[in-house]
Amino acid sequence: MAIFIDSDTRLVVQGITGRDGSFHTYQMMEYGTQVVAGVTPGKGGQTFEGPDGKSAPIFNSMDEAVAQTGANTSVIYVPPAFAANAILEAADSGVSLVVAITEGVPVLDMARAHAFARDRGVRILGPNCPGLISPGKSKVGILPAQIVMEGPVGVVSRSGTLTYEAVFQLTSVGLGQTTCVGIGGDPLIGTNFIDCLEAFNQDGDTAAIVMIGEIGGTDEQEAAEYVREHVRKPVVGFIAGRTAPPGRRMGHAGAIISGSAGTAEDKIKAFEENGIPVAKRPADIVGLIQEALA
Amino acid sequence: MAIFIDSDTRLVVQGITGRDGSFHTYQMMEYGTQVVAGVTPGKGGQTFEGPDGKSAPIFNSMDEAVAQTGANTSVIYVPPAFAANAILEAADSGVSLVVAITEGVPVLDMARAHAFARDRGVRILGPNCPGLISPGKSKVGILPAQIVMEGPVGVVSRSGTLTYEAVFQLTSVGLGQTTCVGIGGDPLIGTNFIDCLEAFNQDGDTAAIVMIGEIGGTDEQEAAEYVREHVRKPVVGFIAGRTAPPGRRMGHAGAIISGSAGTAEDKIKAFEENGIPVAKRPADIVGLIQEALA
Amino acid sequence: MDIHEYQAKERFRAAGIPVPPGEIATTADEAEAIASKYGGMVVVKAQVHSGGRGKAGGVKLAKTAAEAREHAFNILGMEINGLTVQKVLVTPAEDIATEAYVGVLVDRKNQAATFMVSAAGGVDIEEVSHSNPDAIRKLTVDPRYGLLPHQAFWLANFLYDDPGLIKQASKVIAQLYDSFVESGASMAEINPLITTPSGEVKAIDAKMSIDDSELFRRPEVASMRDSSSEPPSETKARDAGLSYVKLDGNVGCCVNGAGLAMATMDLVKYYGGAPANFLDIGGSSNPDKVVAALEIITSDPNVKSILFNIFGGITRCDDVANGIVEATRRIDIKPPIVIRLTGTNEDLALEILKEAGFSAYTSMDAVVEKAVQLAKA
Amino acid sequence: MDIHEYQAKERFRAAGIPVPPGEIATTADEAEAIASKYGGMVVVKAQVHSGGRGKAGGVKLAKTAAEAREHAFNILGMEINGLTVQKVLVTPAEDIATEAYVGVLVDRKNQAATFMVSAAGGVDIEEVSHSNPDAIRKLTVDPRYGLLPHQAFWLANFLYDDPGLIKQASKVIAQLYDSFVESGASMAEINPLITTPSGEVKAIDAKMSIDDSELFRRPEVASMRDSSSEPPSETKARDAGLSYVKLDGNVGCCVNGAGLAMATMDLVKYYGGAPANFLDIGGSSNPDKVVAALEIITSDPNVKSILFNIFGGITRCDDVANGIVEATRRIDIKPPIVIRLTGTNEDLALEILKEAGFSAYTSMDAVVEKAVQLAKA
């Protein structure tokens, strides 16, 4: 098992003909993801050619793509100016999961898009996220496939490459993953830590969870309380940004310490108070997981 | 029993200090309606003095009125320019029924207000309606109290004075009413025939139902089908506007025959095809009800 | 309130919709001058609040300015469905490759604005919706989000296969929605939306109805009212705050409440007569309104008898009675007046009427029967 | 992007919020001239993107134009939290009866804009929200409906008892929301919103942060950027499409990905060093970006060593390696460079680096430890 995506995932790629969209579609097909359709308005009728003779029909709209291919998940690689509209279109099309990779989507556009998705019971992952991968089953987004392996660890993170670092180290000692989820670095994201913790908690194959947070907001604090109250599996944590100065945005739109809220210290404290051991270095995550699973 | 309002109705009057609001508040208090509060922004702290020493405190907002008096129903007498906002405020305040008397509320404002009320599970009656009365229990709106009496007939109508005419004739032969509801003459109304039929059908004291329609739209046709499929009580009908020319608005904003839709003939046919006898004259309603109850 | 084609086109242009140019002429000379200015073929179109202008001969193609003049001369002053043509629109003729229908109106059932589009344009959409519903794509606009880009695309995608046309039409549909909302409309329609052989999408006809309740806050739309095209009695009624619709019969009707007013008209017919009008004096019972109502009813030369049917609720019967007495003092009313008053302050009203020499009836049936009888006399 | 008080006030004024007049001076002479023009008491306010201006002596009341000149002379050029004051706002002093706080910001938890108001103005609202939460009224704006009139009233009603003040404040709150949305803001604040003894509500301070993602479609807002108030290296980084924040340490860091960049900084500290900067070269691996990154890092005289920590995913390691080699050709880099590259095209990258004489590390810990050691050398 896995969370959010698995071998039943039938993916449509929005923005499939763009530079990023086509590159990653190829990668996803190579990994074995069932990419059943692409959407680029005005390019309906064309075909995306992938590796090993794989291909996907291109449609003008999500509506047509879903109707004709039975897609249940979409991933969005369209530019920021059009990304929120692409999310609305996806949420209206019948898919149940929308993974928004695009960085730089206006936050107030996302407020509206999240409301729209909530109204329809559609899950959004992101925006500004690397997507997710369920090793051996399906990969949706941009996570590098070569660093993952199947196994018992669930990984959830606000970061991209930092996640790769952690996953790479887990894999290198033989600790595989059920699913690795990058929830994204924006202030308004569709799927948060708690959503992932809940799913990992219910997932029969997940035995331990790695939660990687960073400065900004209080999602980690709330997630820590959730862990204590609801999660019956070991959780280990890491927080990036102990040395980040207050009031400065650290790359991610959401990574900023505002006033006293959102410091790494506060988050680490919340983790520890709620029984989540915190790694001092990314390299220490492996040891903590090994202890937890011992 | 009765529908929508009864002796537990605790009413707040929005626009209580206006000409219409104050007049009808007095009338409602006289009838015995529990008017527990009034709202007029900027007049909070004043008191509305009614008949027989009755009075109601005035608040600046619905929020305060509901919090301090436990009101569960509101009635709106504010001018058209502010009516939609008053409905939004009421729907947000905790009351479960909002009766909008005001005529001339912009239709697109109402589209938004209806969506807002739906989101919150709040019932709107109207706008542009005379309100409703449950004889012997409560009166909310502008229906004249002297023409009603308690009894077994439920009355639902798109009209005001035509309803009075029908109710007057029922009362004059001793046929009292459980509740008389004027659903209003606007194109977008919150509570339609079907909502009332459903409630009357479930109401233990209602033995027969009078449904008074008019030209415009297809609400009556849908209600007729609903009657055949779901209503286990006799229903008799009347339709006004057999002589109305197509394409002309007959007083009510919603009373217009557009193209082939919404003619009286079509509605009468739908009534008859679904087992609802139709009175040729208002005066014939009484006879049909007497037959139905015989 | 209906506005004319040329006014709807102004609204559409302001929203960015591609609409061919056009100017209004009230004389044949003006029409010729406009046609000369454009050069080439023009269309001369009657501006009246009525459908079926084409069938009635109110829309004509002209190859030359002289021909445009001739058409304008014939169309101006023409009667179309009882309305006199006062203005014509002169507009360059367009080459048409395809015609589609695009419209948006307030939909009762969904409690929101709803689009209808069809690749078969220039048609009666309502007829198509019955005869061939598959030829129409419908979309209800969620008022919480407005028309979303993918929804406009979905509608446009039903009309065309060509990506360029779909893109243009998506934009037109979004602009039509904006114009609909900005105008406080209850209906806005492009019929037909054409494509030209060179691949342009254009709106060559335009129709819009405004929600009367919006006019108070949209003076620029309210100023589009063309009272010249309606009977003066209806203008007067509106100014007096009355709802009045002129009909063809001879029994004048003055009633409080729209439903009761229609039921009264129906009862006139039931008793073998024909109503001269719909008239709702509304809830308030200002005697001046009653005077205005009687002035309007009596200005119709067909009226042979006048009936009042008042069910007093908010309306006070004594106010109405005073209005009737006041009116008979101010104006010379020829047709006989019969009155039914019941409800609030009924006794007081009967007193006033009795004093002024009117007799009053107690039932609606009685007063209607009497009025019909008097009209036949 | 933060904008200055005077710029936020322009936005607020455009939305109709009552804001006292004010003009910008960059010299003491200008400040005096503006003060003379207004007459009476004025306030001279440092315009820098920093809180705590008052405490730092950046806000001064002046009774005369001469005094305004003196204050401006002192404030201009002053350092406040590391930022040099380049401009002062000169604005007439207002009589203050009460001070309140009104702000709106994007709230993560509710996924929407959220208002906070407090009758205690001129305070640190965040502190109040912890110390005395009952002193704050909060309201989340449903993005599907926007701020509704009764909600603005509800907020205003928390601030004042007087109906006239509530009415004015309701309007200000609605206008603040409009300005927030129209500006593409992530935060907008009036602190304090004052009442005058004569019963007027006015915004005498203004703060606004713009969502960087909105700037592409709001050129009028984007043009408000004041690069003069930030280190030139940060301007250069933005122009090159890099995320860069200057810090006080001596280990230059060049990383792909914000989370990994922060984790690398933290690891520098873990090994006893101090990071000189946050720098995320982003997902794309254009060699020009790497060159720009090295130019920026080396422009900081504190930098004693430079480390690269690249986890190749989308980023191709060979591109980064090429960038490093290219940069060392174009610019004279004094501090030693240590490199850790792993992931996509790692082998190719190591080849390139080896040829150019760089040695590469395989683990993040190793490279960081080495860089710290080199910086201390």
# chains A, B, ... in the order shown; residues from 1 in each chain; ligands from 1
call {"tool": "interface_residues", "arguments": {"of": "chain A", "to": "chain D", "cutoff": "6 Å", "atoms": "only C-alpha atoms", "output": "JSON, numbers by chain"}}
result
{"A": [104, 105, 106, 111, 112, 144, 159, 161, 162, 187, 188, 240, 241, 242, 243, 251]}
call {"tool": "write_last_selection", "arguments": {"atoms": "all heavy atoms", "output": "compact mmCIF listing (two decimals), in the first residue's frame"}}
result
# COMPACT_ATOMS: atom_id res chain seq x y z
N GLY A 104 5.22 30.08 -7.65
CA GLY A 104 4.92 31.47 -7.97
C GLY A 104 3.48 31.73 -8.32
O GLY A 104 3.15 32.70 -9.00
N VAL A 105 2.57 30.88 -7.84
CA VAL A 105 1.14 31.13 -8.06
C VAL A 105 0.69 32.19 -7.04
O VAL A 105 0.95 32.04 -5.85
CB VAL A 105 0.31 29.85 -7.85
CG1 VAL A 105 -1.14 30.10 -8.23
CG2 VAL A 105 0.89 28.70 -8.66
N PRO A 106 0.03 33.25 -7.50
CA PRO A 106 -0.42 34.27 -6.54
C PRO A 106 -1.24 33.66 -5.40
O PRO A 106 -2.10 32.81 -5.64
CB PRO A 106 -1.26 35.21 -7.41
CG PRO A 106 -0.64 35.11 -8.77
CD PRO A 106 -0.24 33.65 -8.89
N ALA A 111 -6.14 31.00 -2.60
CA ALA A 111 -7.21 31.00 -1.59
C ALA A 111 -8.52 30.60 -2.26
O ALA A 111 -9.28 29.77 -1.73
CB ALA A 111 -7.32 32.39 -0.94
N ARG A 112 -8.76 31.17 -3.42
CA ARG A 112 -9.98 30.87 -4.16
C ARG A 112 -9.96 29.43 -4.68
O ARG A 112 -10.96 28.72 -4.57
CB ARG A 112 -10.05 31.87 -5.33
CG ARG A 112 -11.36 31.94 -6.03
CD ARG A 112 -11.49 33.32 -6.67
NE ARG A 112 -12.43 33.29 -7.77
CZ ARG A 112 -12.11 33.00 -9.03
NH1 ARG A 112 -10.86 32.75 -9.34
NH2 ARG A 112 -13.04 33.00 -9.96
N PRO A 144 13.24 12.76 -7.96
CA PRO A 144 14.11 11.86 -8.72
C PRO A 144 13.88 10.41 -8.29
O PRO A 144 13.99 10.09 -7.11
CB PRO A 144 15.52 12.33 -8.37
CG PRO A 144 15.40 13.14 -7.12
CD PRO A 144 14.00 13.66 -7.06
N SER A 159 9.89 20.60 1.81
CA SER A 159 11.01 20.96 0.96
C SER A 159 11.14 20.01 -0.22
O SER A 159 10.50 18.97 -0.27
CB SER A 159 12.28 20.93 1.81
OG SER A 159 13.42 20.82 1.01
N THR A 161 14.69 19.44 -2.43
CA THR A 161 15.99 18.77 -2.41
C THR A 161 16.38 18.27 -1.02
O THR A 161 17.08 17.27 -0.90
CB THR A 161 17.09 19.71 -2.94
OG1 THR A 161 16.96 20.99 -2.33
CG2 THR A 161 16.97 19.86 -4.45
N LEU A 162 15.90 18.95 0.02
CA LEU A 162 16.20 18.46 1.36
C LEU A 162 15.55 17.09 1.58
O LEU A 162 16.10 16.22 2.25
CB LEU A 162 15.71 19.48 2.41
CG LEU A 162 15.86 19.08 3.88
CD1 LEU A 162 17.30 18.72 4.23
CD2 LEU A 162 15.36 20.20 4.79
N PRO A 187 2.67 29.58 1.24
CA PRO A 187 1.87 29.84 2.46
C PRO A 187 0.54 29.09 2.44
O PRO A 187 0.11 28.56 3.46
CB PRO A 187 1.63 31.35 2.42
CG PRO A 187 2.66 31.92 1.49
CD PRO A 187 2.98 30.83 0.51
N LEU A 188 -0.13 29.03 1.31
CA LEU A 188 -1.41 28.33 1.26
C LEU A 188 -1.28 27.06 0.43
O LEU A 188 -1.26 27.09 -0.80
CB LEU A 188 -2.50 29.22 0.64
CG LEU A 188 -2.78 30.56 1.31
CD1 LEU A 188 -4.08 31.16 0.77
CD2 LEU A 188 -2.87 30.44 2.82
N ALA A 240 14.40 22.67 9.17
CA ALA A 240 15.43 23.49 8.54
C ALA A 240 15.21 24.95 8.87
O ALA A 240 14.08 25.41 8.95
CB ALA A 240 15.39 23.29 7.02
N GLY A 241 16.30 25.66 9.07
CA GLY A 241 16.20 27.11 9.26
C GLY A 241 16.55 27.60 10.66
O GLY A 241 16.18 28.70 11.03
N ARG A 242 17.33 26.80 11.42
CA ARG A 242 17.73 27.26 12.75
C ARG A 242 18.51 28.55 12.66
O ARG A 242 18.52 29.36 13.57
CB ARG A 242 18.64 26.21 13.43
CG ARG A 242 17.95 24.91 13.75
CD ARG A 242 18.98 23.90 14.27
NE ARG A 242 18.49 22.54 14.20
CZ ARG A 242 18.39 21.73 15.26
NH1 ARG A 242 18.74 22.13 16.45
NH2 ARG A 242 17.93 20.51 15.12
N THR A 243 19.22 28.75 11.56
CA THR A 243 20.07 29.94 11.42
C THR A 243 19.42 31.04 10.56
O THR A 243 20.06 32.03 10.23
CB THR A 243 21.41 29.55 10.75
OG1 THR A 243 21.12 28.78 9.58
CG2 THR A 243 22.26 28.74 11.69
N GLY A 251 13.78 31.80 0.32
CA GLY A 251 13.51 31.05 -0.90
C GLY A 251 12.04 30.70 -1.07
O GLY A 251 11.35 31.26 -1.91
call {"tool": "residues_around", "arguments": {"residues": "Thr25 of chain B", "least_positions_apart": "4", "cutoff": "9 Å", "atoms": "only C-alpha atoms", "output": "list of chain:residue names"}}
result
B:Val13, B:Ile16, B:Asp20, B:Gly21, B:Met29, B:Glu30, B:Val35, B:Gly38, B:Phe48, B:Gly50, B:Val140, B:Gly141
call {"tool": "write_last_selection", "arguments": {"atoms": "N, CA and C atoms", "output": "CSV table (one decimal), in the first residue's frame"}}
result
chain,number,residue,atom,x,y,z
B,13,VAL,N,-36.6,41.5,13.7
B,13,VAL,CA,-37.1,42.3,12.6
B,13,VAL,C,-35.9,43.2,12.1
B,16,ILE,N,-36.4,47.5,11.6
B,16,ILE,CA,-37.6,47.6,12.5
B,16,ILE,C,-38.0,49.1,12.7
B,20,ASP,N,-42.3,50.6,7.0
B,20,ASP,CA,-42.9,49.3,6.9
B,20,ASP,C,-42.6,48.4,8.0
B,21,GLY,N,-41.3,48.4,8.4
B,21,GLY,CA,-40.9,47.6,9.5
B,21,GLY,C,-41.6,47.8,10.8
B,29,MET,N,-46.7,41.8,16.6
B,29,MET,CA,-46.8,41.7,18.0
B,29,MET,C,-48.3,41.6,18.5
B,30,GLU,N,-49.1,42.3,17.8
B,30,GLU,CA,-50.5,42.3,18.1
B,30,GLU,C,-51.1,40.9,17.9
B,35,VAL,N,-41.8,38.7,18.9
B,35,VAL,CA,-40.8,39.5,18.3
B,35,VAL,C,-39.8,39.8,19.4
B,38,GLY,N,-35.1,43.8,17.3
B,38,GLY,CA,-35.1,44.5,16.1
B,38,GLY,C,-33.7,44.8,15.7
B,48,PHE,N,-38.1,49.2,20.7
B,48,PHE,CA,-39.3,49.3,19.9
B,48,PHE,C,-40.5,49.1,20.8
B,50,GLY,N,-44.4,48.2,21.2
B,50,GLY,CA,-45.5,47.6,20.5
B,50,GLY,C,-46.8,47.8,21.3
B,140,VAL,N,-45.3,36.0,10.4
B,140,VAL,CA,-44.1,36.7,10.1
B,140,VAL,C,-44.3,37.3,8.7
B,141,GLY,N,-44.3,38.6,8.6
B,141,GLY,CA,-44.5,39.2,7.3
B,141,GLY,C,-45.7,40.2,7.3
call {"tool": "closest_residue", "arguments": {"among": "D:Asn191, D:Glu67, D:Asp29, D:Gly146", "to": "chain C", "atoms": "only C-alpha atoms"}}
result
D:Gly146
call {"tool": "atom_distance", "arguments": {"atom1": "atom CA of Pro163 of chain D", "atom2": "atom CA of Ala65 of chain B"}}
result
16.2 Å
call {"tool": "select_by_dssp", "arguments": {"residues": "segment 94-299 of chain C", "states": "strand (DSSP E or B)", "output": "PyMOL selection string"}}
result
chain C and resi 98-107+112-118+136-140+185-195+201-203+207-210+243-246+251-255+275+277-280
call {"tool": "select_by_dssp", "arguments": {"residues": "segment 50-173 of chain C", "states": "alpha helix (DSSP H)", "output": "CSV table (one decimal) with N, CA, C and O atoms, in the first residue's frame"}}
result
chain,number,residue,atom,x,y,z
C,65,ALA,N,-25.7,53.0,-51.2
C,65,ALA,CA,-26.2,53.9,-50.2
C,65,ALA,C,-27.6,54.3,-50.6
C,65,ALA,O,-28.5,54.5,-49.7
C,66,ALA,N,-27.9,54.4,-51.9
C,66,ALA,CA,-29.2,54.7,-52.3
C,66,ALA,C,-30.2,53.7,-51.9
C,66,ALA,O,-31.3,54.0,-51.4
C,67,GLU,N,-29.8,52.4,-52.0
C,67,GLU,CA,-30.6,51.3,-51.6
C,67,GLU,C,-30.9,51.4,-50.1
C,67,GLU,O,-32.0,51.1,-49.6
C,68,ALA,N,-29.8,51.7,-49.3
C,68,ALA,CA,-29.9,51.8,-47.9
C,68,ALA,C,-31.0,52.9,-47.5
C,68,ALA,O,-31.8,52.7,-46.6
C,69,ARG,N,-30.9,54.0,-48.3
C,69,ARG,CA,-31.9,55.1,-48.1
C,69,ARG,C,-33.3,54.5,-48.3
C,69,ARG,O,-34.2,54.8,-47.5
C,70,GLU,N,-33.5,53.8,-49.4
C,70,GLU,CA,-34.8,53.3,-49.7
C,70,GLU,C,-35.3,52.3,-48.6
C,70,GLU,O,-36.4,52.5,-48.1
C,71,HIS,N,-34.4,51.4,-48.1
C,71,HIS,CA,-34.8,50.5,-47.1
C,71,HIS,C,-35.2,51.3,-45.8
C,71,HIS,O,-36.2,51.0,-45.1
C,72,ALA,N,-34.3,52.2,-45.4
C,72,ALA,CA,-34.6,53.0,-44.2
C,72,ALA,C,-35.9,53.7,-44.3
C,72,ALA,O,-36.7,53.7,-43.4
C,73,PHE,N,-36.2,54.3,-45.5
C,73,PHE,CA,-37.5,55.0,-45.7
C,73,PHE,C,-38.6,54.0,-45.5
C,73,PHE,O,-39.6,54.4,-44.8
C,74,ASN,N,-38.5,52.8,-45.9
C,74,ASN,CA,-39.6,51.8,-45.8
C,74,ASN,C,-39.7,51.3,-44.3
C,74,ASN,O,-40.8,51.1,-43.8
C,75,ILE,N,-38.5,51.1,-43.7
C,75,ILE,CA,-38.6,50.5,-42.3
C,75,ILE,C,-39.0,51.6,-41.3
C,75,ILE,O,-39.8,51.2,-40.4
C,125,ILE,N,-33.6,29.9,-29.8
C,125,ILE,CA,-32.9,29.0,-29.0
C,125,ILE,C,-33.8,28.2,-28.2
C,125,ILE,O,-33.6,27.0,-27.8
C,126,GLU,N,-34.9,28.8,-27.8
C,126,GLU,CA,-35.9,28.1,-27.0
C,126,GLU,C,-36.5,27.0,-27.7
C,126,GLU,O,-36.7,25.9,-27.2
C,127,GLU,N,-36.8,27.2,-29.0
C,127,GLU,CA,-37.3,26.2,-29.8
C,127,GLU,C,-36.3,25.0,-29.9
C,127,GLU,O,-36.7,23.8,-29.8
C,128,VAL,N,-35.1,25.4,-30.2
C,128,VAL,CA,-34.0,24.4,-30.3
C,128,VAL,C,-33.9,23.5,-29.0
C,128,VAL,O,-33.8,22.3,-29.0
C,129,SER,N,-34.1,24.2,-27.9
C,129,SER,CA,-33.9,23.5,-26.6
C,129,SER,C,-35.0,22.5,-26.4
C,129,SER,O,-34.8,21.5,-25.7
C,130,HIS,N,-36.1,22.7,-27.1
C,130,HIS,CA,-37.2,21.6,-27.0
C,130,HIS,C,-37.0,20.6,-28.1
C,130,HIS,O,-37.1,19.4,-27.9
C,131,SER,N,-36.7,21.1,-29.4
C,131,SER,CA,-36.7,20.1,-30.5
C,131,SER,C,-35.4,19.3,-30.6
C,131,SER,O,-35.4,18.2,-31.0
C,149,PRO,N,-12.4,30.5,-16.5
C,149,PRO,CA,-11.9,30.3,-17.8
C,149,PRO,C,-12.1,29.0,-18.5
C,149,PRO,O,-12.4,28.9,-19.7
C,150,HIS,N,-12.0,27.9,-17.7
C,150,HIS,CA,-12.2,26.6,-18.3
C,150,HIS,C,-13.6,26.4,-18.7
C,150,HIS,O,-14.0,25.6,-19.6
C,151,GLN,N,-14.5,27.0,-18.0
C,151,GLN,CA,-15.9,26.9,-18.4
C,151,GLN,C,-16.2,27.6,-19.7
C,151,GLN,O,-17.0,27.1,-20.5
C,152,ALA,N,-15.7,28.8,-19.8
C,152,ALA,CA,-15.8,29.6,-21.1
C,152,ALA,C,-15.3,28.7,-22.2
C,152,ALA,O,-15.8,28.6,-23.3
C,153,PHE,N,-14.1,28.1,-22.0
C,153,PHE,CA,-13.5,27.2,-23.0
C,153,PHE,C,-14.4,26.1,-23.3
C,153,PHE,O,-14.6,25.7,-24.5
C,154,TRP,N,-15.0,25.5,-22.3
C,154,TRP,CA,-15.9,24.3,-22.5
C,154,TRP,C,-17.1,24.7,-23.4
C,154,TRP,O,-17.5,23.9,-24.2
C,155,LEU,N,-17.6,25.9,-23.2
C,155,LEU,CA,-18.7,26.3,-24.0
C,155,LEU,C,-18.2,26.6,-25.4
C,155,LEU,O,-18.9,26.1,-26.4
C,156,ALA,N,-17.1,27.3,-25.6
C,156,ALA,CA,-16.6,27.6,-26.9
C,156,ALA,C,-16.2,26.3,-27.7
C,156,ALA,O,-16.4,26.2,-28.9
C,157,ASN,N,-15.7,25.4,-26.9
C,157,ASN,CA,-15.3,24.1,-27.5
C,157,ASN,C,-16.5,23.3,-28.1
C,157,ASN,O,-16.3,22.5,-29.0
C,158,PHE,N,-17.7,23.7,-27.7
C,158,PHE,CA,-18.9,23.0,-28.2
C,158,PHE,C,-19.3,23.7,-29.6
C,158,PHE,O,-20.0,23.1,-30.4
C,159,LEU,N,-18.7,24.9,-29.8
C,159,LEU,CA,-19.1,25.6,-31.0
C,159,LEU,C,-18.2,25.3,-32.2
C,159,LEU,O,-18.6,25.3,-33.3
C,163,PRO,N,-8.8,25.6,-33.0
C,163,PRO,CA,-8.3,26.2,-31.8
C,163,PRO,C,-8.3,27.7,-31.8
C,163,PRO,O,-8.6,28.3,-30.7
C,164,GLY,N,-8.1,28.3,-32.9
C,164,GLY,CA,-8.1,29.8,-33.0
C,164,GLY,C,-9.5,30.3,-32.7
C,164,GLY,O,-9.7,31.3,-32.0
C,165,LEU,N,-10.5,29.7,-33.3
C,165,LEU,CA,-11.9,30.1,-33.1
C,165,LEU,C,-12.3,29.8,-31.7
C,165,LEU,O,-13.0,30.7,-31.1
C,166,ILE,N,-11.9,28.7,-31.1
C,166,ILE,CA,-12.3,28.4,-29.7
C,166,ILE,C,-11.7,29.4,-28.8
C,166,ILE,O,-12.4,29.9,-27.9
C,167,LYS,N,-10.5,29.8,-29.1
C,167,LYS,CA,-9.8,30.8,-28.2
C,167,LYS,C,-10.6,32.2,-28.3
C,167,LYS,O,-10.9,32.8,-27.3
C,168,GLN,N,-10.9,32.6,-29.5
C,168,GLN,CA,-11.7,33.9,-29.7
C,168,GLN,C,-13.0,33.8,-29.0
C,168,GLN,O,-13.5,34.7,-28.3
C,169,ALA,N,-13.7,32.6,-29.2
C,169,ALA,CA,-15.1,32.5,-28.7
C,169,ALA,C,-15.0,32.4,-27.1
C,169,ALA,O,-15.9,32.9,-26.5
C,170,SER,N,-14.0,31.8,-26.6
C,170,SER,CA,-13.9,31.7,-25.1
C,170,SER,C,-13.8,33.1,-24.5
C,170,SER,O,-14.4,33.4,-23.5
C,171,LYS,N,-13.1,34.0,-25.2
C,171,LYS,CA,-12.9,35.3,-24.8
C,171,LYS,C,-14.2,36.1,-24.9
C,171,LYS,O,-14.6,36.8,-24.0
C,172,VAL,N,-14.9,35.9,-26.0
C,172,VAL,CA,-16.2,36.5,-26.2
C,172,VAL,C,-17.2,36.1,-25.1
C,172,VAL,O,-17.9,36.9,-24.6
C,173,ILE,N,-17.2,34.8,-24.8
C,173,ILE,CA,-18.1,34.3,-23.8
C,173,ILE,C,-17.8,34.9,-22.4
C,173,ILE,O,-18.7,35.3,-21.7
call {"tool": "residues_around", "arguments": {"residues": "segment 224-226 of chain B", "least_positions_apart": "2", "cutoff": "9 Å", "atoms": "only C-alpha atoms", "output": "number ranges by chain"}}
result
B: 194, 197-198, 219-222, 228-231, 267, 270-276
call {"tool": "residues_around", "arguments": {"residues": "Lys280 of chain B", "least_positions_apart": "2", "cutoff": "9 Å", "atoms": "only C-alpha atoms", "output": "list in words"}}
result
Phe238, Ile239, Val278, Pro282, Ala283, Asp284 and Ile285 of chain B; Asp266, Leu267 and Tyr270 of chain C
call {"tool": "write_last_selection", "arguments": {"atoms": "N, CA and C atoms", "output": "PDB file, in the first residue's frame"}}
result
ATOM      1  N   PHE B 238     -54.617  26.600  -8.375  1.00  0.00           N
ATOM      2  CA  PHE B 238     -55.130  27.727  -9.145  1.00  0.00           C
ATOM      3  C   PHE B 238     -53.946  28.392  -9.830  1.00  0.00           C
ATOM      4  N   ILE B 239     -54.164  28.829 -11.062  1.00  0.00           N
ATOM      5  CA  ILE B 239     -53.106  29.528 -11.796  1.00  0.00           C
ATOM      6  C   ILE B 239     -53.653  30.859 -12.290  1.00  0.00           C
ATOM      7  N   VAL B 278     -57.852  21.860 -10.778  1.00  0.00           N
ATOM      8  CA  VAL B 278     -57.546  23.284 -10.884  1.00  0.00           C
ATOM      9  C   VAL B 278     -58.836  24.095 -10.854  1.00  0.00           C
ATOM     10  N   PRO B 282     -61.008  31.873  -8.434  1.00  0.00           N
ATOM     11  CA  PRO B 282     -60.568  31.785  -7.027  1.00  0.00           C
ATOM     12  C   PRO B 282     -61.684  31.232  -6.146  1.00  0.00           C
ATOM     13  N   ALA B 283     -62.922  31.611  -6.485  1.00  0.00           N
ATOM     14  CA  ALA B 283     -64.044  31.181  -5.653  1.00  0.00           C
ATOM     15  C   ALA B 283     -64.238  29.675  -5.683  1.00  0.00           C
ATOM     16  N   ASP B 284     -63.734  29.026  -6.722  1.00  0.00           N
ATOM     17  CA  ASP B 284     -63.923  27.571  -6.831  1.00  0.00           C
ATOM     18  C   ASP B 284     -62.945  26.778  -5.968  1.00  0.00           C
ATOM     19  N   ILE B 285     -61.931  27.439  -5.444  1.00  0.00           N
ATOM     20  CA  ILE B 285     -60.951  26.728  -4.616  1.00  0.00           C
ATOM     21  C   ILE B 285     -61.638  26.073  -3.425  1.00  0.00           C
TER      22      ILE B 285
ATOM     23  N   ASP C 266     -58.405  37.329 -15.687  1.00  0.00           N
ATOM     24  CA  ASP C 266     -58.866  36.001 -16.080  1.00  0.00           C
ATOM     25  C   ASP C 266     -60.382  35.865 -15.834  1.00  0.00           C
ATOM     26  N   LEU C 267     -60.812  36.465 -14.730  1.00  0.00           N
ATOM     27  CA  LEU C 267     -62.231  36.364 -14.378  1.00  0.00           C
ATOM     28  C   LEU C 267     -63.088  37.194 -15.352  1.00  0.00           C
ATOM     29  N   TYR C 270     -63.509  34.975 -18.065  1.00  0.00           N
ATOM     30  CA  TYR C 270     -64.401  33.887 -17.635  1.00  0.00           C
ATOM     31  C   TYR C 270     -65.860  34.295 -17.802  1.00  0.00           C
TER      32      TYR C 270
END
